[in-house]
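Visitor: So I've got this file, final-v5.txt, and it contains compact mmCIF, C-alpha atoms:
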```
# COMPACT_ATOMS: atom_id res chain seq x y z
CA MET A 21 80.01 77.47 72.23
CA ASP A 22 79.17 81.04 71.30
CA ALA A 23 75.51 80.53 72.14
CA ASP A 24 76.41 79.87 75.79
CA ARG A 25 77.72 83.42 76.19
CA HIS A 26 74.36 84.86 75.23
CA VAL A 27 72.16 82.96 77.66
CA TRP A 28 69.88 85.44 79.41
CA GLY A 29 71.37 86.71 82.66
CA HIS A 30 74.91 85.49 81.94
CA THR A 31 76.52 88.84 82.79
CA LEU A 32 74.38 89.34 85.88
CA VAL A 33 75.16 85.87 87.22
CA ASN A 34 78.89 86.26 86.72
CA GLY A 35 78.89 89.74 88.25
CA SER A 36 77.00 88.56 91.33
CA ALA A 37 79.10 85.41 91.72
CA ARG A 38 82.32 87.39 91.48
CA ARG A 39 81.42 89.16 94.73
CA VAL A 40 81.22 85.90 96.69
CA GLU A 41 84.03 83.98 94.97
CA SER A 42 86.47 84.56 97.84
CA LEU A 43 83.85 84.10 100.60
CA HIS A 44 83.20 80.37 100.26
CA PRO A 45 84.46 78.33 103.27
CA SER A 46 87.23 75.93 102.26
CA PHE A 47 85.24 72.90 103.47
CA VAL A 48 82.27 73.85 101.29
CA VAL A 49 84.55 74.26 98.26
CA ARG A 50 86.19 70.86 98.87
CA HIS A 51 82.93 69.04 99.66
CA PRO A 52 79.99 70.99 98.21
CA THR A 53 77.56 68.06 98.02
CA LEU A 54 78.41 66.89 101.54
CA SER A 55 77.85 70.45 102.75
CA GLY A 56 74.40 70.31 101.18
CA TRP A 57 73.62 67.07 103.03
CA ILE A 58 74.79 68.63 106.31
CA TRP A 59 72.57 71.66 105.71
CA LEU A 60 69.62 69.34 105.03
CA GLY A 61 70.38 67.31 108.17
CA VAL A 62 70.35 70.45 110.31
CA ALA A 63 67.04 71.47 108.71
CA VAL A 64 65.56 68.04 109.53
CA VAL A 65 66.66 68.29 113.16
CA LEU A 66 65.13 71.76 113.44
CA LEU A 67 61.99 70.46 111.75
CA VAL A 68 61.64 67.69 114.35
CA VAL A 69 62.15 70.21 117.16
CA CYS A 70 59.59 72.48 115.52
CA GLU A 71 57.04 69.67 115.28
CA ILE A 72 57.48 68.92 118.99
CA TRP A 73 57.49 72.44 120.39
CA VAL A 74 55.75 74.63 117.80
CA GLU A 75 52.14 74.03 116.81
CA ASP A 76 52.18 76.38 113.81
CA GLU A 77 52.38 74.40 110.56
CA THR A 78 53.88 77.38 108.75
CA ALA A 79 57.15 77.06 110.66
CA GLY A 80 57.58 73.46 109.49
CA VAL A 81 56.91 74.41 105.87
CA VAL A 82 59.44 77.25 106.06
CA LEU A 83 62.12 74.97 107.56
CA SER A 84 61.54 72.27 104.92
CA LEU A 85 61.80 74.87 102.15
CA LEU A 86 65.01 76.23 103.69
CA GLY A 87 66.41 72.69 103.68
CA ALA A 88 65.75 72.40 99.96
CA LEU A 89 66.81 75.96 99.14
CA PRO A 90 70.58 75.49 98.49
CA SER A 91 70.13 72.51 96.18
CA LEU A 92 67.10 73.92 94.39
CA GLY A 93 68.69 77.35 94.04
CA ALA A 94 71.90 75.89 92.60
CA THR A 95 69.89 73.64 90.27
CA LEU A 96 67.78 76.53 88.98
CA LEU A 97 70.94 78.57 88.43
CA VAL A 98 72.59 75.80 86.40
CA LEU A 99 69.42 75.19 84.37
CA ALA A 100 68.95 78.90 83.75
CA GLN A 101 72.49 79.21 82.37
CA THR A 102 72.37 76.09 80.19
CA PRO A 103 70.99 76.34 76.64
CA ARG A 104 68.32 73.80 75.78
CA THR A 105 70.55 72.40 73.04
CA HIS A 106 72.77 70.80 75.70
CA LEU A 107 70.00 68.31 76.41
CA ALA A 108 69.08 67.70 72.79
CA TYR A 109 68.77 64.05 71.79
CA GLU A 110 67.00 62.02 69.15
CA GLU A 111 63.73 60.72 70.60
CA SER A 112 62.61 57.28 69.49
CA ILE A 113 59.20 56.77 67.92
CA LEU A 114 58.13 54.61 70.87
CA GLY A 115 59.33 57.22 73.36
CA HIS A 116 57.48 59.93 71.44
CA PHE A 117 54.30 57.85 71.46
CA PHE A 118 54.41 57.02 75.18
CA ALA A 119 55.21 60.61 76.15
CA ARG A 120 52.15 61.88 74.25
CA PHE A 121 50.00 58.97 75.42
CA PHE A 122 50.69 59.57 79.11
CA ALA A 123 50.28 63.32 78.66
CA VAL A 124 46.81 62.82 77.15
CA LEU A 125 45.93 60.20 79.78
CA GLY A 126 47.01 62.51 82.61
CA ALA A 127 45.02 65.41 81.15
CA LEU A 128 41.94 63.17 80.85
CA ILE A 129 42.23 62.00 84.45
CA LEU A 130 42.63 65.57 85.69
CA TRP A 131 39.63 66.72 83.65
CA VAL A 132 37.39 63.89 84.89
CA GLY A 133 38.58 64.51 88.46
CA SER A 134 37.80 68.22 88.20
CA VAL A 135 34.31 67.47 86.87
CA VAL A 136 33.59 64.98 89.64
CA LEU A 137 34.99 67.32 92.29
CA GLY A 138 32.96 70.25 90.96
CA ALA A 139 29.78 68.18 91.03
CA ALA A 140 30.50 67.00 94.58
CA VAL A 141 31.13 70.58 95.74
CA ALA A 142 27.90 71.76 94.10
CA VAL A 143 25.89 69.03 95.83
CA GLN A 144 27.53 69.77 99.17
CA LEU A 145 26.85 73.50 98.84
CA ALA A 146 23.21 72.84 97.96
CA GLU A 147 22.77 70.63 101.03
CA ASP A 148 24.57 73.01 103.41
CA THR A 149 23.22 76.35 102.29
CA GLY A 150 19.85 75.63 100.70
CA ALA A 151 18.48 78.77 99.02
CA ASP A 152 20.77 81.22 100.86
CA PRO A 153 23.14 82.62 98.15
CA GLU A 154 25.25 84.62 100.61
CA LYS A 155 25.96 81.58 102.74
CA ALA A 156 26.70 79.59 99.58
CA TRP A 157 29.34 82.11 98.46
CA VAL A 158 30.95 82.11 101.91
CA GLU A 159 31.19 78.33 101.98
CA ALA A 160 32.44 78.26 98.39
CA PHE A 161 35.30 80.59 99.29
CA GLU A 162 36.11 78.41 102.32
CA ILE A 163 36.32 75.35 100.07
CA PHE A 164 38.45 77.30 97.60
CA GLY A 165 40.82 78.32 100.40
CA ALA A 166 41.08 74.70 101.53
CA VAL A 167 41.85 73.39 98.03
CA VAL A 168 44.44 76.01 97.01
CA PRO A 169 47.20 74.75 99.40
CA PHE A 170 46.92 71.27 97.87
CA ILE A 171 47.24 72.74 94.37
CA VAL A 172 50.32 74.74 95.41
CA ALA A 173 51.87 71.63 97.00
CA MET A 174 51.29 69.59 93.83
CA LEU A 175 52.77 72.31 91.62
CA TRP A 176 55.78 72.43 93.95
CA ALA A 177 56.13 68.64 93.55
CA VAL A 178 56.05 68.96 89.77
CA LEU A 179 58.76 71.64 89.89
CA VAL A 180 61.02 69.53 92.13
CA PHE A 181 60.69 66.32 90.12
CA ARG A 182 61.17 68.08 86.79
CA CYS A 183 64.29 69.82 88.10
CA VAL A 184 65.65 66.50 89.39
CA GLY A 185 65.15 64.90 85.99
CA TYR A 186 66.81 67.74 84.09
CA ILE A 187 69.78 68.16 86.42
CA ALA A 188 70.41 64.39 86.44
CA ARG A 189 70.58 64.38 82.65
CA LEU A 190 72.76 67.47 82.67
CA ARG A 191 75.44 66.66 85.28
CA GLY A 192 74.91 63.02 86.31
CA TRP A 193 74.95 61.67 89.86
CA ALA A 194 78.58 62.23 90.87
CA GLY A 195 79.36 64.67 93.68
CA VAL A 196 81.66 66.78 91.50
CA PRO A 197 81.20 65.37 87.98
CA GLU A 198 84.10 65.23 85.55
CA ARG A 199 81.89 64.51 82.55
CA HIS A 200 78.74 66.57 82.15
CA ARG A 201 76.77 68.77 79.74
CA ILE A 202 77.04 71.97 81.75
CA PRO A 203 78.44 74.77 79.55
CA ASP A 204 82.16 75.40 79.92
CA GLU A 205 81.38 79.12 80.04
CA PHE A 206 79.28 78.73 83.20
CA LEU A 207 81.24 80.63 85.91
CA THR A 208 84.44 79.64 84.10
CA GLU A 209 86.43 82.50 85.69
CA LEU A 210 85.12 81.68 89.18
CA PRO A 211 86.23 78.10 89.89
CA HIS A 212 85.24 78.04 93.57
CA THR A 213 81.72 79.27 92.94
CA ARG A 214 81.35 76.97 89.95
CA ARG A 215 82.40 73.94 92.02
CA VAL A 216 80.06 74.86 94.88
CA VAL A 217 77.06 75.47 92.62
CA ILE A 218 77.53 72.29 90.59
CA GLY A 219 78.12 70.28 93.76
CA LEU A 220 74.97 71.59 95.44
CA ALA A 221 72.93 71.01 92.27
CA HIS A 222 72.98 67.26 92.97
CA PRO A 223 69.91 65.27 91.88
CA SER A 224 69.90 62.99 94.96
CA LEU A 225 70.21 65.92 97.34
CA LEU A 226 67.47 67.82 95.54
CA LEU A 227 65.25 64.73 95.43
CA VAL A 228 65.49 64.00 99.17
CA ALA A 229 65.16 67.66 100.18
CA GLY A 230 62.31 68.16 97.71
CA VAL A 231 60.37 65.08 98.83
CA LEU A 232 60.74 66.21 102.44
CA SER A 233 59.34 69.64 101.63
CA ILE A 234 56.54 68.09 99.55
CA VAL A 235 55.46 65.80 102.39
CA VAL A 236 55.54 68.66 104.91
CA ALA A 237 53.61 70.89 102.50
CA LEU A 238 50.94 68.22 101.95
CA PHE A 239 50.49 67.68 105.69
CA ALA A 240 50.24 71.44 106.18
CA ALA A 241 47.71 71.66 103.34
CA ALA A 242 45.66 68.87 104.95
CA GLU A 243 45.74 70.74 108.25
CA VAL A 244 44.57 73.94 106.56
CA ALA A 245 41.85 72.06 104.68
CA SER A 246 40.54 70.30 107.80
CA SER A 247 40.47 73.50 109.83
CA GLY A 248 38.89 75.45 106.97
CA ILE A 249 36.15 72.91 106.28
CA ALA A 250 35.51 72.35 109.97
```
Mind turning the file's structure into structure tokens?

Guide:
Amino acid sequence: MDADRHVWGHTLVNGSARRVESLHPSFVVRHPTLSGWIWLGVAVVLLVVCEIWVEDETAGVVLSLLGALPSLGATLLVLAQTPRTHLAYEESILGHFFARFFAVLGALILWVGSVVLGAAVAVQLAEDTGADPEKAWVEAFEIFGAVVPFIVAMLWAVLVFRCVGYIARLRGWAGVPERHRIPDEFLTELPHTRRVVIGLAHPSLLLVAGVLSIVVALFAAAEVASSGIA
């Protein structure tokens, strides 16, 4: 397809990949998805060691993100180089209705939750600070700093799950898929890099690695929130 050759960043991606085409270990080329699972397993072991010996929550978050990095990076690369038309399909009327219904329902729940949370914060600030505006601003910023990590963790979860859904529709669940919707022009002159990237962009691998990083991020956010509020 001619449109595939004009995807933004096509030349840059091919130029960068050409430099590493001959550097891939033979095992990784033969078993790219298995290599991703091994990488994730090593990250999990290091994460356990970190939880035992290191008290800093940041180290655990960094290790969990490193565990998800190969799969997420490969997935984002494939998605960035795939035109949206490759996922085009005729949506049913019922599917269209439910998609809009749940979108509106989710927005309503978030809006009501934000109103309730705002009211609760206002009441708490009034009880804690009384008529002292300076103290109220300080405590408000502390609450804001405690809430932000949770928001970042939830946005990270949305990114991971959306990427899993898209890459599953695009390449399926096979380790090295024979039938897929990935453009033929994607790294077509670099077969080793193409095989490694498509193999690492595996929905199961991304899902497990992503869920692990989400759980670690939520625990870290809870730790930050508890220490900030305390």

Visitor: When you count all atoms listed in the file, which of these residues is closest to Gln144 (chain A): A:Leu92, A:Val69, A:Val124, A:Ala160?

Guide: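 Using all atoms listed in the file, the shortest distance to Gln144 (chain A) belongs to A:Ala160.
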
Visitor: Quick one: of A:Ile187, A:Val74, A:Val172, A:Val217, who's nearest to Leu238 (chain A), counting all atoms listed in the file?

Guide: A:Val172

Visitor: Give me the residues near region 196-199 of chain A as a list in words, where near means some atom within 10 Å (using only C-alpha atoms) and where sequence neighbours in that chain fewer than 3 positions away do not count.

Guide: Arg50, His51, Pro52, Thr53, Leu190, Arg191, Gly192, Trp193, Ile202, Arg215, Val216, Val217, Ile218, Gly219, Leu220, Ala221 and His222 of chain A

Visitor: Report the distance between CA of Leu207 (chain A) and CA of Gln101 (chain A) in Å, rounded to one decimal place.

Guide: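 Between these atoms lies a distance of 9.5 Å.
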
Visitor: Can you pull out every residue within 8 Å of Ala88 (chain A), counting only C-alpha atoms, but drop anything in the same chain fewer than 5 positions away, and send it as a list in words?

Guide: Leu60, Leu226, Ala229, Gly230 and Ser233 of chain A

Visitor: Write out as an MDAnalysis selection string the residues lying within 8 Å of Ser224 (chain A), counting all atoms listed in the file and excluding same-chain residues fewer than 3 positions away.

Guide: chainID A and resid 184 193 227:228

Visitor: I'd like to know which of A:Ala146, A:Val49, A:Ile234, A:Ala63 is closest to Ile171 (chain A), using all atoms listed in the file.

Guide: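 Going through A:Ala146, A:Val49, A:Ile234, A:Ala63 one by one, the smallest distance to Ile171 (chain A) is for A:Ile234.
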
Visitor: Could you pull the residues within 12 Å of Val82 (chain A), counting all atoms listed in the file, minus those fewer than 2 positions along the same chain, as a PDB file with C-alpha atoms, in the coordinates of the input?

Guide:
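Contents of the output file part-v5.pdb:
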```pdb
ATOM      1  CA  ALA A  63      67.040  71.470 108.710  1.00  0.00           C
ATOM      2  CA  VAL A  64      65.560  68.040 109.530  1.00  0.00           C
ATOM      3  CA  LEU A  66      65.130  71.760 113.440  1.00  0.00           C
ATOM      4  CA  LEU A  67      61.990  70.460 111.750  1.00  0.00           C
ATOM      5  CA  CYS A  70      59.590  72.480 115.520  1.00  0.00           C
ATOM      6  CA  ASP A  76      52.180  76.380 113.810  1.00  0.00           C
ATOM      7  CA  GLU A  77      52.380  74.400 110.560  1.00  0.00           C
ATOM      8  CA  THR A  78      53.880  77.380 108.750  1.00  0.00           C
ATOM      9  CA  ALA A  79      57.150  77.060 110.660  1.00  0.00           C
ATOM     10  CA  GLY A  80      57.580  73.460 109.490  1.00  0.00           C
ATOM     11  CA  SER A  84      61.540  72.270 104.920  1.00  0.00           C
ATOM     12  CA  LEU A  85      61.800  74.870 102.150  1.00  0.00           C
ATOM     13  CA  LEU A  86      65.010  76.230 103.690  1.00  0.00           C
ATOM     14  CA  GLY A  87      66.410  72.690 103.680  1.00  0.00           C
ATOM     15  CA  ALA A  88      65.750  72.400  99.960  1.00  0.00           C
ATOM     16  CA  LEU A  89      66.810  75.960  99.140  1.00  0.00           C
ATOM     17  CA  LEU A 232      60.740  66.210 102.440  1.00  0.00           C
ATOM     18  CA  SER A 233      59.340  69.640 101.630  1.00  0.00           C
ATOM     19  CA  ILE A 234      56.540  68.090  99.550  1.00  0.00           C
ATOM     20  CA  VAL A 236      55.540  68.660 104.910  1.00  0.00           C
ATOM     21  CA  ALA A 237      53.610  70.890 102.500  1.00  0.00           C
ATOM     22  CA  ALA A 240      50.240  71.440 106.180  1.00  0.00           C
TER      23      ALA A 240
END
```

Visitor: Between CA of Thr95 (chain A) and CA of Arg39 (chain A), what is the spacing in Å?

Guide: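 Those two atoms sit 19.8 Å apart.
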
Visitor: Find the axis-aligned box for region 212-224 of chain A, covering all its listed atoms and adding 6 Å on each side, and write its centre and edge lengths in Å to one decimal as lines of an AutoDock Vina configuration file.

Guide:
```
center_x = 77.6
center_y = 71.1
center_z = 92.7
size_x = 27.3
size_y = 28.3
size_z = 17.5
```

Visitor: Have a look at A:Val62, A:Leu125, A:Leu210, A:Val143 and name the one nearest to Ala37 (chain A); count only C-alpha atoms.

Guide: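 Smallest separation from Ala37 (chain A) among the options: A:Leu210.
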
Visitor: Just to confirm, what's the straight-line distance from CA of His200 (chain A) to CA of Arg214 (chain A) in Å (one decimal)?

Guide: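 Interatomic distance, CA of His200 (chain A) to CA of Arg214 (chain A): 13.3 Å.
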
Visitor: Considering all atoms listed in the file, state which residue in the set A:Trp176, A:Phe47, A:Tyr186, A:Phe206 is at the smallest distance from Val235 (chain A).

Guide: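 Residue with the minimum atom-to-atom distance to Val235 (chain A): A:Trp176.
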
Visitor: Ranking A:Ile72, A:Val178, A:Ala188, A:Ala194 by minimum distance to Val231 (chain A) and counting only C-alpha atoms, which one comes first?

Guide: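 When distances to Val231 (chain A) are compared using only C-alpha atoms, the smallest one comes from A:Val178.
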
Visitor: Please list as a PyMOL selection string every residue within 12 Å of Gly35 (chain A), counting all atoms listed in the file and excluding residues in the same chain fewer than 4 positions away.

Guide: chain A and resi 29-31+39-41+207+209-210+213
